[in-house]
>>> print(open('work-v7.cif').read())   # mmCIF, C-alpha atoms
data_my_file
loop_
_atom_site.label_atom_id
_atom_site.label_comp_id
_atom_site.auth_asym_id
_atom_site.auth_seq_id
_atom_site.Cartn_x
_atom_site.Cartn_y
_atom_site.Cartn_z
CA MET A 5 -43.12 28.13 115.31
CA ILE A 6 -42.20 28.91 111.68
CA ASP A 7 -38.47 29.23 111.06
CA ASP A 8 -38.03 32.67 109.47
CA ARG A 9 -34.23 32.57 109.32
CA LYS A 10 -34.17 32.39 105.53
CA THR A 11 -36.11 35.67 105.30
CA ARG A 12 -33.96 37.29 107.96
CA LEU A 13 -30.73 36.20 106.26
CA ARG A 14 -31.92 37.69 102.97
CA GLY A 15 -32.45 40.90 104.84
CA LEU A 16 -28.79 41.05 105.80
CA GLY A 17 -27.80 41.63 102.18
CA ALA A 18 -25.49 39.86 99.73
CA ASP A 19 -22.27 41.49 100.97
CA VAL A 20 -22.77 40.36 104.57
CA LEU A 21 -23.57 36.79 103.53
CA ALA A 22 -20.65 36.64 101.07
CA ASP A 23 -18.21 37.81 103.75
CA ALA A 24 -19.56 35.23 106.20
CA MET A 25 -19.20 32.41 103.65
CA LEU A 26 -15.65 33.39 102.78
CA ASP A 27 -14.73 33.63 106.46
CA LEU A 28 -16.06 30.12 107.08
CA ALA A 29 -14.39 28.84 103.90
CA GLY A 30 -11.06 29.95 105.29
CA GLN A 31 -11.66 27.85 108.40
CA TYR A 32 -13.42 24.74 107.11
CA GLU A 33 -12.53 22.65 104.07
CA GLU A 34 -16.16 21.54 103.59
CA VAL A 35 -17.32 25.15 103.29
CA GLU A 36 -14.45 25.92 100.90
CA LYS A 37 -15.66 23.06 98.69
CA LEU A 38 -19.20 24.41 98.85
CA VAL A 39 -18.08 27.87 97.78
CA GLU A 40 -16.07 26.38 94.93
CA ARG A 41 -19.09 24.33 93.79
CA LEU A 42 -21.39 27.36 93.88
CA LEU A 43 -18.98 29.48 91.84
CA THR A 44 -18.09 26.88 89.21
CA PRO A 45 -19.79 27.48 85.83
CA ALA A 46 -22.17 24.68 84.82
CA ASP A 47 -19.99 23.63 81.89
CA LYS A 48 -17.00 23.21 84.21
CA THR A 49 -18.73 21.10 86.89
CA GLU A 50 -17.76 17.70 85.49
CA SER A 51 -14.07 18.59 85.19
CA ARG A 52 -14.10 20.10 88.71
CA ILE A 53 -15.49 16.90 90.26
CA LYS A 54 -13.06 14.74 88.27
CA SER A 55 -10.26 16.90 89.61
CA GLU A 56 -11.50 16.36 93.18
CA LEU A 57 -11.65 12.60 92.62
CA ASP A 58 -8.08 12.67 91.34
CA VAL A 59 -7.01 14.62 94.43
CA LEU A 60 -8.71 11.99 96.62
CA LYS A 61 -6.73 9.25 94.89
CA ARG A 62 -3.43 11.13 95.19
CA GLU A 63 -3.88 12.36 98.76
CA SER A 64 -1.10 11.14 101.06
CA ARG A 65 -2.63 11.93 104.46
CA ASN A 66 -3.20 8.94 106.72
CA TYR A 67 -6.37 8.77 108.82
CA ASP A 68 -6.18 6.87 112.10
CA TRP A 69 -9.19 5.37 113.86
CA SER A 70 -10.13 8.63 115.55
CA SER A 71 -10.07 10.68 112.34
CA ALA A 72 -11.58 8.13 109.92
CA ARG A 73 -14.97 9.76 110.38
CA THR A 74 -13.50 12.98 108.98
CA LEU A 75 -12.53 11.11 105.82
CA ALA A 76 -16.00 9.56 105.65
CA THR A 77 -17.53 13.03 105.80
CA LYS A 78 -15.23 14.22 103.03
CA ILE A 79 -16.19 11.45 100.61
CA HIS A 80 -19.86 11.74 101.60
CA LEU A 81 -19.75 15.42 100.60
CA LEU A 82 -18.08 14.48 97.34
CA LEU A 83 -20.98 12.16 96.49
CA SER A 84 -23.44 14.84 97.57
CA ASP A 85 -21.69 17.23 95.20
CA ILE A 86 -22.23 14.79 92.31
CA ALA A 87 -25.87 14.27 93.29
CA SER A 88 -26.69 17.97 93.45
CA SER A 89 -24.62 19.10 90.46
CA ILE A 90 -24.99 16.41 87.80
CA ARG A 91 -28.20 15.72 85.90
CA ASP A 92 -26.84 13.89 82.85
CA ALA A 93 -27.02 10.09 83.33
CA GLN A 94 -23.87 9.31 81.33
CA ILE A 95 -21.78 11.82 83.26
CA GLY A 96 -23.31 10.66 86.55
CA VAL A 97 -22.51 7.00 85.89
CA ASP A 98 -18.97 7.88 84.90
CA LEU A 99 -18.36 9.95 88.03
CA VAL A 100 -19.78 7.38 90.45
CA LEU A 101 -17.69 4.64 88.84
CA ARG A 102 -14.63 6.89 89.18
CA PHE A 103 -15.59 7.36 92.83
CA TYR A 104 -15.56 3.59 93.38
CA GLU A 105 -12.12 3.44 91.80
CA THR A 106 -10.73 5.59 94.62
CA ASP A 107 -11.28 2.71 97.08
CA ALA A 108 -7.71 1.38 97.03
CA SER A 109 -6.02 4.68 97.85
CA VAL A 110 -8.68 5.51 100.45
CA PHE A 111 -8.65 2.23 102.39
CA GLU A 112 -4.87 1.91 102.26
CA ARG A 113 -4.45 5.07 104.32
CA CYS A 114 -7.24 4.88 106.86
CA ASP A 115 -8.18 2.75 109.85
CA ASP A 116 -11.85 2.14 109.12
CA SER A 117 -12.46 -0.17 112.08
CA ASP A 118 -15.84 1.43 112.73
CA GLY A 119 -16.86 1.16 109.08
CA TYR A 120 -17.75 4.81 108.51
CA VAL A 121 -15.78 5.04 105.26
CA GLY A 122 -16.94 1.65 104.02
CA ASP A 123 -20.55 2.63 104.63
CA VAL A 124 -20.26 5.48 102.14
CA TYR A 125 -19.11 3.07 99.44
CA ARG A 126 -21.57 0.32 100.37
CA ASN A 127 -24.70 2.35 101.15
CA GLU A 128 -24.58 5.84 99.65
CA ALA A 129 -22.76 5.19 96.37
CA PRO A 130 -25.10 2.39 95.15
CA GLU A 131 -28.17 4.60 95.67
CA LEU A 132 -26.64 7.43 93.66
CA PHE A 133 -25.44 5.07 90.92
CA ALA A 134 -28.93 3.57 90.58
CA ARG A 135 -30.36 7.05 89.97
CA TYR A 136 -28.15 7.53 86.93
CA ALA A 137 -28.06 3.92 85.72
CA LYS A 138 -31.82 3.86 85.17
CA GLU A 139 -31.43 6.49 82.45
CA PHE A 140 -28.11 5.33 80.98
CA PRO A 141 -28.66 4.83 77.21
CA ASP A 142 -25.78 2.47 76.31
CA ARG A 143 -26.86 -0.67 78.16
CA THR A 144 -24.11 -2.88 76.70
CA GLY A 145 -21.50 -0.33 77.66
CA LEU A 146 -22.99 -0.07 81.15
CA LEU A 147 -22.69 -3.82 81.73
CA ALA A 148 -19.13 -3.81 80.42
CA ARG A 149 -18.09 -1.03 82.82
CA ILE A 150 -19.74 -2.76 85.78
CA LYS A 151 -17.92 -6.01 84.99
CA ALA A 152 -14.61 -4.17 84.69
CA LEU A 153 -15.19 -2.41 88.00
CA ILE A 154 -16.16 -5.45 90.05
CA SER A 155 -13.57 -7.80 88.57
CA ALA A 156 -10.90 -5.55 90.12
CA ASP A 157 -12.62 -5.32 93.52
CA GLU A 158 -9.76 -5.65 96.01
CA TYR A 159 -11.53 -4.26 99.07
CA GLY A 160 -14.97 -5.84 98.83
CA VAL A 161 -16.94 -2.63 98.40
CA ARG A 162 -17.39 -2.36 94.66
CA ASP A 163 -19.91 -5.17 94.32
CA SER A 164 -22.28 -3.12 96.47
CA ILE A 165 -23.05 -1.29 93.23
CA LEU A 166 -25.27 -4.26 92.38
CA ASP A 167 -27.45 -3.81 95.47
CA GLY A 168 -30.95 -3.15 94.21
CA SER A 169 -29.77 -3.50 90.62
CA HIS A 170 -33.06 -5.20 89.73
CA GLU A 171 -34.45 -1.64 89.79
CA TRP A 172 -32.22 -0.48 86.93
CA LEU A 173 -31.33 -3.71 85.11
CA THR A 174 -33.82 -5.74 83.11
CA ALA A 175 -34.12 -9.49 83.67
CA LEU A 176 -32.41 -10.04 80.33
CA GLU A 177 -29.50 -7.76 81.35
CA MET A 178 -29.11 -9.50 84.71
CA ARG A 179 -29.05 -12.90 83.02
CA SER A 180 -26.48 -11.67 80.52
CA LEU A 181 -24.33 -10.36 83.37
CA ALA A 182 -24.63 -13.70 85.18
CA ASP A 183 -23.69 -15.70 82.06
CA ASP A 184 -20.71 -13.46 81.25
CA SER A 185 -19.50 -13.58 84.86
CA LEU A 186 -19.70 -17.38 84.94
CA ALA A 187 -17.73 -17.58 81.70
CA CYS A 188 -15.05 -15.28 83.12
CA ALA A 189 -14.89 -17.28 86.36
CA GLN A 190 -14.30 -20.54 84.51
CA VAL A 191 -11.21 -19.20 82.69
CA GLU A 192 -9.84 -17.07 85.56
CA ASN A 193 -6.61 -18.35 87.14
CA ASP A 194 -6.43 -15.95 90.07
CA SER A 195 -8.50 -17.42 92.93
CA TYR A 196 -9.65 -14.07 94.33
CA ARG A 197 -10.73 -12.69 90.98
CA ARG A 198 -12.46 -15.99 90.24
CA PHE A 199 -14.37 -15.59 93.51
CA ARG A 200 -15.43 -12.06 92.51
CA TRP A 201 -16.78 -13.33 89.18
CA PHE A 202 -18.77 -16.12 90.85
CA HIS A 203 -20.05 -13.68 93.45
CA MET A 204 -21.32 -11.30 90.75
CA ALA A 205 -23.07 -14.12 88.91
CA GLU A 206 -24.67 -15.34 92.14
CA ALA A 207 -25.89 -11.85 92.97
CA MET A 208 -27.74 -11.79 89.65
CA ALA A 209 -29.21 -15.26 90.22
CA ARG A 210 -30.52 -14.15 93.62
CA LEU A 211 -32.13 -11.05 92.14
CA LEU A 212 -33.64 -13.13 89.36
CA LYS A 213 -34.87 -15.62 91.98
CA ASP A 214 -33.49 -18.34 89.72
CA GLY A 215 -32.74 -21.31 91.95
CA ALA A 216 -31.54 -23.54 89.12
CA LEU A 217 -29.04 -20.91 87.95
CA PHE A 218 -27.82 -20.30 91.50
CA GLU A 219 -27.33 -24.05 92.06
CA GLN A 220 -25.48 -24.31 88.75
CA LEU A 221 -23.12 -21.53 89.87
CA ARG A 222 -22.47 -23.11 93.25
CA ARG A 223 -21.75 -26.48 91.65
CA ALA A 224 -19.44 -24.84 89.12
CA ALA A 225 -17.40 -23.20 91.88
CA PRO A 226 -14.26 -25.04 92.99
CA ASP A 227 -15.38 -25.24 96.61
CA GLU A 228 -17.16 -28.28 97.99
CA LEU A 229 -20.95 -28.05 98.14
CA GLY A 230 -21.08 -27.84 101.93
CA ALA A 231 -23.77 -26.94 104.44
CA ALA A 232 -23.57 -23.18 103.87
CA ALA A 233 -23.85 -23.63 100.10
CA ARG A 234 -26.82 -25.95 100.51
CA VAL A 235 -28.65 -23.43 102.68
CA ASP A 236 -27.88 -20.62 100.23
CA ILE A 237 -29.23 -22.69 97.35
CA ALA A 238 -32.35 -23.56 99.33
CA GLU A 239 -32.93 -19.89 100.10
CA VAL A 240 -32.97 -18.99 96.41
CA TYR A 241 -35.20 -21.94 95.51
CA LEU A 242 -37.60 -20.86 98.26
CA ALA A 243 -37.67 -17.31 96.89
CA SER A 244 -38.45 -18.73 93.44
CA GLY A 245 -41.34 -20.81 94.80
CA ASP A 246 -39.71 -24.21 94.21
CA LEU A 247 -40.32 -25.53 97.73
CA ASP A 248 -39.49 -29.17 96.94
CA ARG A 249 -35.96 -28.35 95.72
CA ALA A 250 -35.48 -25.96 98.64
CA LEU A 251 -36.43 -28.65 101.16
CA TYR A 252 -34.28 -31.24 99.41
CA HIS A 253 -31.16 -29.13 99.90
CA LEU A 254 -32.03 -28.31 103.50
CA GLU A 255 -32.38 -31.99 104.28
CA GLN A 256 -28.80 -32.52 103.09
CA VAL A 257 -27.63 -30.36 106.01
CA THR A 258 -27.22 -32.45 109.16
CA ALA A 259 -29.15 -31.37 112.25
CA ASP A 260 -25.95 -31.23 114.31
CA ASP A 261 -24.36 -28.59 112.06
CA SER A 262 -24.62 -25.80 114.63
CA PHE A 263 -23.18 -23.17 112.29
CA GLN A 264 -26.04 -23.48 109.79
CA GLN A 265 -28.69 -24.80 112.19
CA GLY A 266 -30.49 -21.50 112.69
CA ARG A 267 -30.74 -20.58 108.99
CA ARG A 268 -31.68 -24.14 108.06
CA ASP A 269 -34.52 -24.29 110.56
CA GLU A 270 -35.89 -20.84 109.70
CA LEU A 271 -36.13 -21.83 106.03
CA ARG A 272 -37.67 -25.21 106.85
CA LEU A 273 -40.27 -23.47 109.00
CA LYS A 274 -41.28 -21.21 106.09
CA ILE A 275 -41.61 -24.23 103.82
CA TYR A 276 -43.73 -26.15 106.33
CA GLN A 277 -46.02 -23.17 106.74
CA GLN A 278 -46.37 -22.58 103.01
CA THR A 279 -47.15 -26.26 102.36
CA GLY A 280 -49.68 -26.58 105.18
CA ARG A 281 -47.60 -29.00 107.28
CA GLU A 282 -48.93 -27.57 110.52
CA ALA A 283 -47.73 -30.25 112.95
CA GLU A 284 -44.18 -30.11 111.63
CA ALA A 285 -44.23 -26.30 111.65
CA HIS A 286 -45.36 -26.22 115.30
CA ALA A 287 -42.73 -28.74 116.38
CA LEU A 288 -39.96 -26.86 114.61
CA ALA A 289 -41.14 -23.50 115.97
CA TRP A 290 -40.85 -24.88 119.50
CA THR A 291 -37.35 -26.20 118.74
CA ILE A 292 -36.22 -22.80 117.49
CA PHE A 293 -37.72 -21.09 120.53
CA HIS A 294 -36.08 -23.42 123.03
CA ARG A 295 -32.71 -22.91 121.36
CA CYS A 296 -32.72 -19.31 122.59
CA ARG A 297 -35.70 -18.09 124.56
CA GLY A 298 -36.23 -14.38 124.06
CA MET A 299 -38.93 -11.90 123.17
CA VAL A 300 -38.24 -12.07 119.42
CA ALA A 301 -38.24 -15.87 119.54
CA LEU A 302 -41.44 -15.81 121.61
CA GLU A 303 -43.25 -13.57 119.13
CA ASN A 304 -42.09 -15.75 116.23
CA LEU A 305 -43.33 -18.87 118.03
CA LEU A 306 -46.73 -17.30 118.70
CA LYS A 307 -47.06 -16.36 115.02
CA VAL A 308 -46.91 -20.08 114.27
CA ILE A 309 -48.89 -21.66 117.12
CA GLY A 310 -51.31 -18.79 117.73
CA ALA A 311 -51.23 -15.60 119.78
CA SER A 312 -54.01 -16.89 122.04
CA ARG A 313 -51.53 -19.28 123.67
CA ARG A 314 -49.27 -16.49 124.93
CA GLY A 315 -50.20 -16.84 128.61
CA ASP A 316 -49.87 -20.62 128.64
CA VAL A 317 -46.56 -20.54 126.80
CA ILE A 318 -45.04 -17.97 129.15
CA ALA A 319 -46.22 -19.84 132.27
CA GLN A 320 -44.87 -23.12 130.92
CA GLU A 321 -41.51 -21.63 129.99
CA ILE A 322 -41.06 -19.87 133.32
CA GLU A 323 -41.63 -23.21 135.04
CA ARG A 324 -38.98 -24.80 132.82
CA ILE A 325 -36.56 -21.94 133.41
CA GLN A 326 -36.95 -22.17 137.18
CA ALA A 327 -36.24 -25.91 137.04
CA SER A 328 -33.09 -25.49 134.95
CA PRO A 329 -29.81 -26.06 136.80
CA MET A 330 -28.08 -23.34 134.76
CA PHE A 331 -28.53 -19.56 134.83
CA SER A 332 -29.19 -17.80 131.52
CA ASN A 333 -29.30 -14.06 130.93
CA VAL A 334 -31.69 -14.64 128.03
CA ASP A 335 -34.10 -16.53 130.27
CA ALA A 336 -33.88 -13.90 132.99
CA ASP A 337 -34.61 -11.20 130.44
CA LEU A 338 -37.62 -13.13 129.13
CA MET A 339 -39.14 -13.12 132.60
CA ILE A 340 -38.45 -9.41 133.01
CA GLN A 341 -39.85 -8.54 129.57
CA THR A 342 -43.02 -10.54 130.18
CA GLY A 343 -43.63 -8.81 133.51
CA HIS A 344 -42.65 -11.68 135.81
CA VAL A 345 -40.08 -9.84 137.89
CA GLY A 346 -40.82 -11.80 141.06
CA GLN A 347 -40.14 -15.14 139.34
CA CYS A 348 -36.95 -13.65 137.94
CA ALA A 349 -35.87 -12.63 141.44
CA ARG A 350 -36.30 -16.21 142.68
CA TYR A 351 -34.41 -17.46 139.63
CA VAL A 352 -31.50 -15.13 140.46
CA GLU A 353 -31.52 -16.17 144.14
CA ASN A 354 -31.51 -19.87 143.25
CA HIS A 355 -28.64 -19.47 140.76
CA ALA A 356 -26.57 -16.85 142.58
CA ALA A 357 -23.28 -18.73 142.21
CA GLN A 358 -23.66 -18.99 138.42
CA ILE A 359 -24.14 -15.32 137.60
CA ASP A 360 -21.20 -14.11 135.54
CA GLY A 361 -20.37 -10.55 136.55
CA ARG A 362 -18.51 -9.96 133.29
CA ASP A 363 -21.80 -9.45 131.47
CA TYR A 364 -21.90 -5.74 132.16
CA TYR A 365 -24.20 -5.10 129.19
CA PHE A 366 -27.20 -6.87 130.70
CA LEU A 367 -26.65 -7.32 134.43
CA PRO A 368 -26.71 -3.65 135.56
CA THR A 369 -30.14 -3.23 133.97
CA LEU A 370 -31.32 -6.47 135.57
CA ALA A 371 -30.09 -5.35 138.99
CA SER A 372 -31.75 -1.95 138.68
CA THR A 373 -35.04 -3.52 137.60
CA LEU A 374 -35.00 -5.92 140.54
CA GLN A 375 -34.17 -3.07 142.88
CA SER A 376 -36.96 -0.85 141.56
CA HIS A 377 -39.45 -3.68 142.21
CA ARG A 378 -38.12 -4.09 145.78
CA HIS A 379 -36.51 -7.49 145.19
CA LEU A 380 -33.54 -6.30 147.19
CA LEU A 381 -31.76 -9.60 147.83
CA ALA A 382 -31.81 -10.56 144.14
CA ALA A 383 -30.63 -7.08 143.13
CA THR A 384 -27.79 -7.31 145.68
CA ILE A 385 -26.73 -10.69 144.26
CA VAL A 386 -26.39 -9.19 140.80
CA PHE A 387 -24.61 -6.04 142.00
CA ARG A 388 -22.16 -8.20 144.00
CA ALA A 389 -21.39 -10.34 140.96
CA LEU A 390 -20.65 -7.25 138.90
CA LEU A 391 -18.47 -5.64 141.58
CA VAL A 392 -16.45 -8.73 142.45
CA SER A 393 -15.85 -9.46 138.76
CA LEU A 394 -14.44 -6.02 137.94
CA LEU A 395 -12.29 -5.95 141.11
CA ASP A 396 -10.94 -9.45 140.47
CA ARG A 397 -9.97 -8.34 136.96
CA GLY A 398 -8.53 -5.05 138.21
CA TYR A 399 -10.64 -3.24 135.64
CA ALA A 400 -9.79 0.26 136.85
CA LYS A 401 -11.80 2.02 134.13
CA ALA A 402 -14.98 0.61 135.65
CA TYR A 403 -14.18 1.39 139.30
CA ARG A 404 -16.55 4.36 139.18
CA HIS A 405 -19.37 1.98 138.24
CA GLY A 406 -18.23 -0.46 140.93
CA ALA A 407 -18.43 2.25 143.56
CA GLY A 408 -21.98 2.93 142.37
CA TYR A 409 -22.86 -0.76 142.76
CA LEU A 410 -21.53 -0.76 146.32
CA HIS A 411 -23.45 2.42 147.09
CA GLN A 412 -26.70 0.84 145.93
CA MET A 413 -26.02 -2.24 148.05
CA GLN A 414 -25.42 0.01 151.05
CA ILE A 415 -28.83 1.62 150.45
CA MET A 416 -30.63 -1.73 150.10
CA ALA A 417 -28.95 -3.59 152.97
CA PRO A 418 -31.25 -2.34 155.80
CA GLY A 419 -34.30 -3.53 153.85
CA ILE A 420 -33.10 -7.13 153.51
CA VAL A 421 -34.54 -9.19 156.37
CA ASP A 422 -33.54 -12.68 155.20
CA TRP A 423 -30.09 -12.99 153.63
CA GLN A 424 -30.67 -16.71 153.08
CA LYS A 425 -27.29 -18.35 152.43
CA MET A 426 -25.56 -15.09 151.64
CA SER A 427 -23.28 -13.14 153.94
CA GLY A 428 -24.65 -9.84 155.20
CA HIS A 429 -23.55 -6.48 153.88
CA ALA A 430 -20.99 -5.85 156.65
CA GLU A 431 -19.36 -9.23 156.01
CA PHE A 432 -19.28 -8.54 152.27
CA CYS A 433 -17.58 -5.19 152.86
CA GLN A 434 -15.00 -6.96 155.02
CA TYR A 435 -14.43 -9.43 152.20
CA LEU A 436 -13.77 -6.52 149.85
CA GLN A 437 -11.27 -5.01 152.29
CA ASP A 438 -9.48 -8.35 152.75
CA HIS A 439 -9.20 -9.14 149.04
CA HIS A 440 -9.12 -5.72 147.38
CA GLY A 441 -8.10 -3.30 150.11
CA ARG A 442 -5.04 -2.18 148.15
CA LYS A 443 -7.03 -1.01 145.14
CA ARG A 444 -6.81 2.61 146.23
CA SER A 445 -8.37 4.07 143.12
CA PHE A 446 -11.50 2.02 143.76
CA TRP A 447 -11.78 3.07 147.39
CA ALA A 448 -11.22 6.66 146.37
CA GLN A 449 -14.25 6.35 144.11
CA VAL A 450 -16.22 4.87 147.02
CA GLN A 451 -15.26 7.78 149.27
CA GLY A 452 -16.39 10.21 146.58
CA MET A 453 -19.91 8.79 146.35
#
>>> encode(input="work-v7.cif", output="structure tokens")
Amino acid sequence: MIDDRKTRLRGLGADVLADAMLDLAGQYEEVEKLVERLLTPADKTESRIKSELDVLKRESRNYDWSSARTLATKIHLLLSDIASSIRDAQIGVDLVLRFYETDASVFERCDDSDGYVGDVYRNEAPELFARYAKEFPDRTGLLARIKALISADEYGVRDSILDGSHEWLTALEMRSLADDSLACAQVENDSYRRFRWFHMAEAMARLLKDGALFEQLRRAAPDELGAAARVDIAEVYLASGDLDRALYHLEQVTADDSFQQGRRDELRLKIYQQTGREAEAHALAWTIFHRCRGMVALENLLKVIGASRRGDVIAQEIERIQASPMFSNVDADLMIQTGHVGQCARYVENHAAQIDGRDYYFLPTLASTLQSHRHLLAATIVFRALLVSLLDRGYAKAYRHGAGYLHQMQIMAPGIVDWQKMSGHAEFCQYLQDHHGRKRSFWAQVQGM
């Protein structure tokens, strides 16, 4: 159906619409800003936005966690105002840079635990800046302003302006920025500012895919060339096509370095594949898969060894999982995701004592899946683990869920013929009464089911 509201609104007449806008403007700050933007003469737009940026820097209101999203909306609308009102590249660059310079006053008075405010600086502002920077005529001046901005980055959001900068900086400009940043880092006494300079230079080296320059920067930094640095260097060499240097640095990282193990192996796998070392690629792909069996890992393994082996791989892994003495949520999920719910039920029954009821992100879904496929004993095992865990912890906020678990167990109990080594439902309910009978809020939830 075609939305004809625009035509119908026009039919109401200018006076009606103007009154409605003014009424809303009196209630909502965002609408007031919109009205102000619409009424500002074109030659006054720049000064109006500068004034709003100054107000943002001077504002004294504090935003707690619950209201931080309001602040994020406010600064998002400010950027939107710039985007819709400013066409001139020089003015646009200047205003976005001024926007970044509000970061200190903004972050000092808000609890941005959820990252809503930071996302505006890190994601929206770089996109808008790139739009203007492409057309900015004074390239030397542009680089100078960027260096000045990032060198004073106290909150770690200003360097986001370089994201995608290869789209608006030439290779020569990026190399100049890298060289200047390295020179500044080498004479900087303040450790944090020195880090910012090195970081800016490294960002340019990554975009240039210049492994030699990136390695030079890492070796020039005061920190030891550790495992993380080696992997970073290898990543840039790999992007540049220098596979030998990339592999050399990866081989300097010991296999028992668990922190860098995943990144190291993923890069090695790419190198083996690109150099035709099939046997080594297959062996490493299996190692990565066995480190954490899951659907993503399975698909990545099959990309290396061949999709035709899917059935054999899944059957082999299920056999290994069943033989393992330890229960793993990841392994249980792999069986569910590959359609082997029955094998998963046996896995749960054989590892009942090891199921950790604190994993309330995965286990409720597992229990419901087992229940829907009529694997009632296995589903009951999982529901019991969840219920006992939350009652043992006295987690009152989840008692409503716990009552739901008990209700589902009550429904399933008559359908379970063989309880194996488990106590029956009546005995389990008696256990709950003996150990948690005084948790009245829980039992009230049970009565309300």
>>> residues_near_point(input="work-v7.cif", point="(-18.6, 1.7, 103.0)", cutoff="12 Å", atoms="only C-alpha atoms", output="JSON, numbers by chain")
{"A": [72, 73, 75, 76, 77, 79, 80, 104, 107, 110, 111, 116, 117, 118, 119, 120, 121, 122, 123, 124, 125, 126, 127, 128, 129, 130, 159, 160, 161, 162, 163, 164, 165]}
>>> resolve_selection(input="work-v7.cif", expression="the PyMOL selection byres ((chain A and resi 390) around 12)", output="compact mmCIF listing (two decimals) with C-alpha atoms, keeping the file's coordinate frame")
# COMPACT_ATOMS: atom_id res chain seq x y z
CA ALA A 356 -26.57 -16.85 142.58
CA ILE A 359 -24.14 -15.32 137.60
CA ASP A 360 -21.20 -14.11 135.54
CA GLY A 361 -20.37 -10.55 136.55
CA ARG A 362 -18.51 -9.96 133.29
CA ASP A 363 -21.80 -9.45 131.47
CA TYR A 364 -21.90 -5.74 132.16
CA TYR A 365 -24.20 -5.10 129.19
CA PHE A 366 -27.20 -6.87 130.70
CA LEU A 367 -26.65 -7.32 134.43
CA PRO A 368 -26.71 -3.65 135.56
CA THR A 369 -30.14 -3.23 133.97
CA LEU A 370 -31.32 -6.47 135.57
CA ALA A 371 -30.09 -5.35 138.99
CA ALA A 383 -30.63 -7.08 143.13
CA THR A 384 -27.79 -7.31 145.68
CA ILE A 385 -26.73 -10.69 144.26
CA VAL A 386 -26.39 -9.19 140.80
CA PHE A 387 -24.61 -6.04 142.00
CA ARG A 388 -22.16 -8.20 144.00
CA ALA A 389 -21.39 -10.34 140.96
CA LEU A 391 -18.47 -5.64 141.58
CA VAL A 392 -16.45 -8.73 142.45
CA SER A 393 -15.85 -9.46 138.76
CA LEU A 394 -14.44 -6.02 137.94
CA LEU A 395 -12.29 -5.95 141.11
CA ASP A 396 -10.94 -9.45 140.47
CA ARG A 397 -9.97 -8.34 136.96
CA TYR A 399 -10.64 -3.24 135.64
CA ALA A 402 -14.98 0.61 135.65
CA TYR A 403 -14.18 1.39 139.30
CA HIS A 405 -19.37 1.98 138.24
CA GLY A 406 -18.23 -0.46 140.93
CA ALA A 407 -18.43 2.25 143.56
CA GLY A 408 -21.98 2.93 142.37
CA TYR A 409 -22.86 -0.76 142.76
CA LEU A 410 -21.53 -0.76 146.32
CA MET A 413 -26.02 -2.24 148.05
>>> residues_around(input="work-v7.cif", residues="Arg268 in chain A", least_positions_apart="2", cutoff="10 Å", atoms="all atoms listed in the file", output="ChimeraX atom specification")
/A:231-232,234-236,238-239,251,253-255,257-259,261-266,270-273
>>> resolve_selection(input="work-v7.cif", expression="the PyMOL selection byres ((chain A and resi 450) around 8)", output="VMD selection string")
chain A and resid 404 407 to 408 410 to 411 446 to 449 451 to 453
>>> write_last_selection(input="work-v7.cif", atoms="C-alpha atoms", output="PDB file, keeping the file's coordinate frame")
ATOM      1  CA  ARG A 404     -16.550   4.360 139.180  1.00  0.00           C
ATOM      2  CA  ALA A 407     -18.430   2.250 143.560  1.00  0.00           C
ATOM      3  CA  GLY A 408     -21.980   2.930 142.370  1.00  0.00           C
ATOM      4  CA  LEU A 410     -21.530  -0.760 146.320  1.00  0.00           C
ATOM      5  CA  HIS A 411     -23.450   2.420 147.090  1.00  0.00           C
ATOM      6  CA  PHE A 446     -11.500   2.020 143.760  1.00  0.00           C
ATOM      7  CA  TRP A 447     -11.780   3.070 147.390  1.00  0.00           C
ATOM      8  CA  ALA A 448     -11.220   6.660 146.370  1.00  0.00           C
ATOM      9  CA  GLN A 449     -14.250   6.350 144.110  1.00  0.00           C
ATOM     10  CA  GLN A 451     -15.260   7.780 149.270  1.00  0.00           C
ATOM     11  CA  GLY A 452     -16.390  10.210 146.580  1.00  0.00           C
ATOM     12  CA  MET A 453     -19.910   8.790 146.350  1.00  0.00           C
TER      13      MET A 453
END
>>> residues_around(input="work-v7.cif", residues="range 208-212 of chain A", least_positions_apart="5", cutoff="8 Å", atoms="only C-alpha atoms", output="PyMOL selection string")
chain A and resi 170+175+178-179+181-182+217-218+240
>>> atom_distance(input="work-v7.cif", atom1="CA of Thr49 in chain A", atom2="CA of Glu33 in chain A")
18.3 Å
>>> resolve_selection(input="work-v7.cif", expression="the PyMOL selection byres ((chain A and resi 349) around 10)", output="JSON, numbers by chain")
{"A": [336, 339, 340, 344, 345, 346, 347, 348, 350, 351, 352, 353, 354, 355, 370, 371, 373, 374, 375, 377, 378, 379, 380, 381, 382, 383, 385]}
>>> atom_distance(input="work-v7.cif", atom1="CA of Arg222 in chain A", atom2="CA of Asp157 in chain A")
20.3 Å
>>> atom_distance(input="work-v7.cif", atom1="CA of Ala287 in chain A", atom2="CA of Phe331 in chain A")
25.0 Å
>>> residues_around(input="work-v7.cif", residues="Glu105 in chain A", least_positions_apart="2", cutoff="10 Å", atoms="only C-alpha atoms", output="ChimeraX atom specification")
/A:57,61,99-103,107-110,153-154,156-157,162
>>> closest_residue(input="work-v7.cif", among="A:Glu158, A:Asp19, A:Asp316, A:Glu56", to="Lys37 in chain A", atoms="all atoms listed in the file")
A:Glu56
>>> residues_around(input="work-v7.cif", residues="Arg249 in chain A", least_positions_apart="6", cutoff="9 Å", atoms="only C-alpha atoms", output="number ranges by chain")
A: 215, 237-238, 241-242
